[in-house]
Amino acid sequence: DEHTAIDHLLLVVHGIGTTPESLSLWVSHLRKTFDPAWQRKYLDIPLAIAVDAISWGHIAKSSQETLQSITLPSVPSLRSIINDTMLDVLYYRSPMYGQMIVRAVAKLLNAKVALYRATFPNFAGSVSLFCHSLGSVITYDMLQGHFLEGGGVQLDFKIDNIFALGSPMAMFVHTRGDVADPSWTSDATSFTFPGGARLFNIYDPTDPVAFRFEPLINARYAQLPPKVIAPRPRGFPV
């Protein structure tokens with residue numbers, strides 16, 4: 001309904017090994033989980049939030065036939081798992097595919113927000129991103145302007161918050177040497193992206209691919225325990 005009031009749009013940027021089918025299920029589950037949780041905690045705040053997603057996985061799968069031709073036939077189950085999950089990371093680490101993925105995600109986000117603006121004239125345009133795994137790295141690079149230079153691709157909207165879940169973002173930033181750049185601030189008290197988006201790094205302590213981000217902006221934060229979020233029974237299965 002074009003007259004539906006939408007105050008805020010939460011867009012999911014998925015991680016590795018995500019299929020369109022699984023993404024659809026996750027978004028559906030997130031919607032069902034989010035609405036009652038918001039009403040229970042923030043009933044006094046009249047905020048209508050829409051949850052949607054973009055799918056970028058097809059970019060990394062564009063050379064699937066070539067990958068299959070070079071994959072050995074032994075231990076097919078294991079090789080299938082590796083190809084379906086680690087392939088996205090390997091592609092993203094290459095300059096050519098990394099650039100393709102970041103630019104594609106920026107275009108997909110622009111198109112999704114434009115669709116909401118056109119469909120819901122009352123939509124104020126306030127947006128946050130819910131980024132899982134590699135999706136948070138892609139979002140980080142996009143907001144920092146990596147891979148976008150000279151590509152004619154910029155975001156057409158402002159982002160309020162980045163919620164990074166199960167994120168290897170800090171490991172990517174560290175191993176690429178981003179923190180060695182003279183422009184990197186290592187004694188800050190907070191971190192915001194260009195444009196003002198705030199970062200919330202959310203993780204399960206047992207997640208092997210999740211890393212803390214705050215010690216990269218100030219080494220003293222390594223001595224401080226992270227804020228604990230009370231687990232919710234039957235939560236969102238990211």
# chains A, B, ... in the order shown; residues from 1 in each chain; ligands from 1
>>> select_by_dssp(residues="chain A", states="alpha helix (DSSP H)", output="number ranges by chain")
A: 20-41, 57-60, 64-70, 76-93, 95-119, 134-143, 169-175, 214-217
>>> write_last_selection(atoms="C-alpha atoms", output="tab-separated table (two decimals), in the first residue's frame")
chain	number	residue	atom	x	y	z
A	20	PRO	CA	18.37	-16.34	-2.78
A	21	GLU	CA	16.22	-18.95	-1.05
A	22	SER	CA	18.09	-18.83	2.25
A	23	LEU	CA	18.23	-15.02	2.12
A	24	SER	CA	14.46	-14.87	1.69
A	25	LEU	CA	13.99	-17.14	4.72
A	26	TRP	CA	16.37	-15.06	6.84
A	27	VAL	CA	14.65	-11.80	5.95
A	28	SER	CA	11.25	-13.33	6.71
A	29	HIS	CA	12.51	-14.59	10.07
A	30	LEU	CA	14.10	-11.22	10.85
A	31	ARG	CA	10.81	-9.45	10.18
A	32	LYS	CA	8.88	-11.85	12.41
A	33	THR	CA	11.49	-11.53	15.16
A	34	PHE	CA	11.97	-7.79	14.91
A	35	ASP	CA	8.38	-6.54	15.06
A	36	PRO	CA	7.33	-8.10	18.39
A	37	ALA	CA	10.72	-7.32	19.94
A	38	TRP	CA	10.39	-3.65	19.00
A	39	GLN	CA	6.82	-3.44	20.26
A	40	ARG	CA	7.81	-5.08	23.55
A	41	LYS	CA	10.82	-2.82	24.21
A	57	GLY	CA	25.92	-13.51	-4.58
A	58	HIS	CA	25.41	-13.85	-8.32
A	59	ILE	CA	28.42	-11.56	-8.90
A	60	ALA	CA	30.80	-14.08	-7.33
A	64	GLN	CA	31.00	-20.92	-11.69
A	65	GLU	CA	31.50	-23.03	-14.82
A	66	THR	CA	35.23	-22.30	-14.85
A	67	LEU	CA	35.46	-23.17	-11.17
A	68	GLN	CA	33.74	-26.50	-11.75
A	69	SER	CA	36.15	-27.33	-14.57
A	70	ILE	CA	39.20	-26.92	-12.31
A	76	PRO	CA	33.15	-33.95	-3.62
A	77	SER	CA	31.16	-33.07	-0.50
A	78	LEU	CA	34.06	-31.20	1.09
A	79	ARG	CA	35.02	-29.46	-2.14
A	80	SER	CA	31.40	-28.41	-2.68
A	81	ILE	CA	31.27	-26.81	0.77
A	82	ILE	CA	34.55	-24.99	0.16
A	83	ASN	CA	33.45	-23.77	-3.27
A	84	ASP	CA	30.06	-22.62	-1.97
A	85	THR	CA	31.43	-20.73	1.03
A	86	MET	CA	35.06	-19.73	0.63
A	87	LEU	CA	34.67	-18.86	-3.04
A	88	ASP	CA	33.04	-15.53	-2.16
A	89	VAL	CA	35.98	-14.60	0.09
A	90	LEU	CA	38.60	-15.59	-2.49
A	91	TYR	CA	36.82	-13.62	-5.19
A	92	TYR	CA	36.47	-10.60	-2.94
A	93	ARG	CA	40.18	-10.60	-2.10
A	95	PRO	CA	41.11	-6.60	-6.97
A	96	MET	CA	38.93	-7.21	-10.03
A	97	TYR	CA	36.11	-9.11	-8.31
A	98	GLY	CA	36.35	-6.98	-5.16
A	99	GLN	CA	35.70	-3.90	-7.26
A	100	MET	CA	32.86	-5.60	-9.12
A	101	ILE	CA	31.17	-6.71	-5.90
A	102	VAL	CA	31.44	-3.35	-4.09
A	103	ARG	CA	30.13	-1.43	-7.08
A	104	ALA	CA	27.32	-3.95	-7.61
A	105	VAL	CA	26.26	-3.70	-3.96
A	106	ALA	CA	26.23	0.10	-4.15
A	107	LYS	CA	24.03	-0.04	-7.27
A	108	LEU	CA	21.70	-2.62	-5.71
A	109	LEU	CA	21.30	-0.52	-2.56
A	110	ASN	CA	20.59	2.61	-4.62
A	111	ALA	CA	17.98	0.73	-6.63
A	112	LYS	CA	16.31	-0.69	-3.52
A	113	VAL	CA	16.07	2.69	-1.78
A	114	ALA	CA	14.83	4.33	-5.00
A	115	LEU	CA	12.13	1.65	-5.22
A	116	TYR	CA	10.93	2.40	-1.69
A	117	ARG	CA	10.92	6.13	-2.35
A	118	ALA	CA	8.85	5.60	-5.49
A	119	THR	CA	6.46	3.06	-3.93
A	134	LEU	CA	31.54	-10.76	4.37
A	135	GLY	CA	28.63	-8.39	3.80
A	136	SER	CA	30.02	-6.17	6.55
A	137	VAL	CA	33.45	-6.06	4.85
A	138	ILE	CA	31.83	-5.11	1.55
A	139	THR	CA	29.84	-2.39	3.32
A	140	TYR	CA	32.95	-1.10	5.11
A	141	ASP	CA	34.87	-0.81	1.85
A	142	MET	CA	31.91	0.79	0.11
A	143	LEU	CA	31.46	3.48	2.77
A	169	MET	CA	35.84	-6.74	9.12
A	170	ALA	CA	38.58	-6.06	11.67
A	171	MET	CA	40.70	-8.93	10.34
A	172	PHE	CA	40.41	-7.62	6.77
A	173	VAL	CA	41.31	-4.10	7.89
A	174	HIS	CA	44.29	-5.41	9.85
A	175	THR	CA	45.71	-7.85	7.30
A	214	GLU	CA	37.24	-1.22	18.66
A	215	PRO	CA	40.90	-2.07	19.57
A	216	LEU	CA	41.85	-0.95	16.05
A	217	ILE	CA	40.74	2.59	16.77
>>> select_by_dssp(residues="range 93-196 of chain A", states="strand (DSSP E)", output="list in words")
Ser126, Val127, Ser128, Leu129, Phe130, Cys131, His132, Ile159, Asp160, Asn161, Ile162, Phe163, Ala164 and Leu165 of chain A
>>> atom_distance(atom1="CA of Tyr42 in chain A", atom2="CA of Ser190 in chain A")
25.6 Å
>>> residues_around(residues="Pro205 in chain A", least_positions_apart="3", cutoff="12 Å", atoms="only C-alpha atoms", output="ChimeraX atom specification")
/A:165-167,201-202,208-212,225-229,231
>>> atom_distance(atom1="CA of Tyr221 in chain A", atom2="CA of Tyr203 in chain A")
16.3 Å
>>> atom_distance(atom1="CA of Ala53 in chain A", atom2="CA of Cys131 in chain A")
9.9 Å
>>> closest_residue(among="A:Ile45, A:Leu224, A:Ala230, A:Ala197", to="Phe163 in chain A", atoms="only C-alpha atoms")
A:Ala197
>>> residues_around(residues="Gly195 in chain A", least_positions_apart="4", cutoff="10 Å", atoms="only C-alpha atoms", output="PyMOL selection string")
chain A and resi 143-144+157-160
>>> write_last_selection(atoms="N, CA and C atoms", output="short mmCIF file (atom, residue, chain, number, x, y, z; two decimals), in the first residue's frame")
data_model
loop_
_atom_site.label_atom_id
_atom_site.label_comp_id
_atom_site.auth_asym_id
_atom_site.auth_seq_id
_atom_site.Cartn_x
_atom_site.Cartn_y
_atom_site.Cartn_z
N LEU A 143 31.61 2.20 2.08
CA LEU A 143 31.46 3.48 2.77
C LEU A 143 32.78 4.22 2.90
N GLN A 144 33.89 3.49 2.89
CA GLN A 144 35.20 4.14 2.94
C GLN A 144 35.65 4.58 1.56
N PHE A 157 21.88 7.92 -0.99
CA PHE A 157 21.12 8.11 0.24
C PHE A 157 22.07 8.08 1.43
N LYS A 158 21.60 8.59 2.55
CA LYS A 158 22.39 8.63 3.77
C LYS A 158 22.10 7.38 4.61
N ILE A 159 23.15 6.83 5.20
CA ILE A 159 23.00 5.66 6.08
C ILE A 159 23.18 6.11 7.52
N ASP A 160 22.24 5.73 8.37
CA ASP A 160 22.31 6.11 9.78
C ASP A 160 23.18 5.15 10.59
#
>>> residues_around(residues="Leu9 in chain A", least_positions_apart="5", cutoff="8 Å", atoms="only C-alpha atoms", output="ChimeraX atom specification")
/A:49-52,125-128
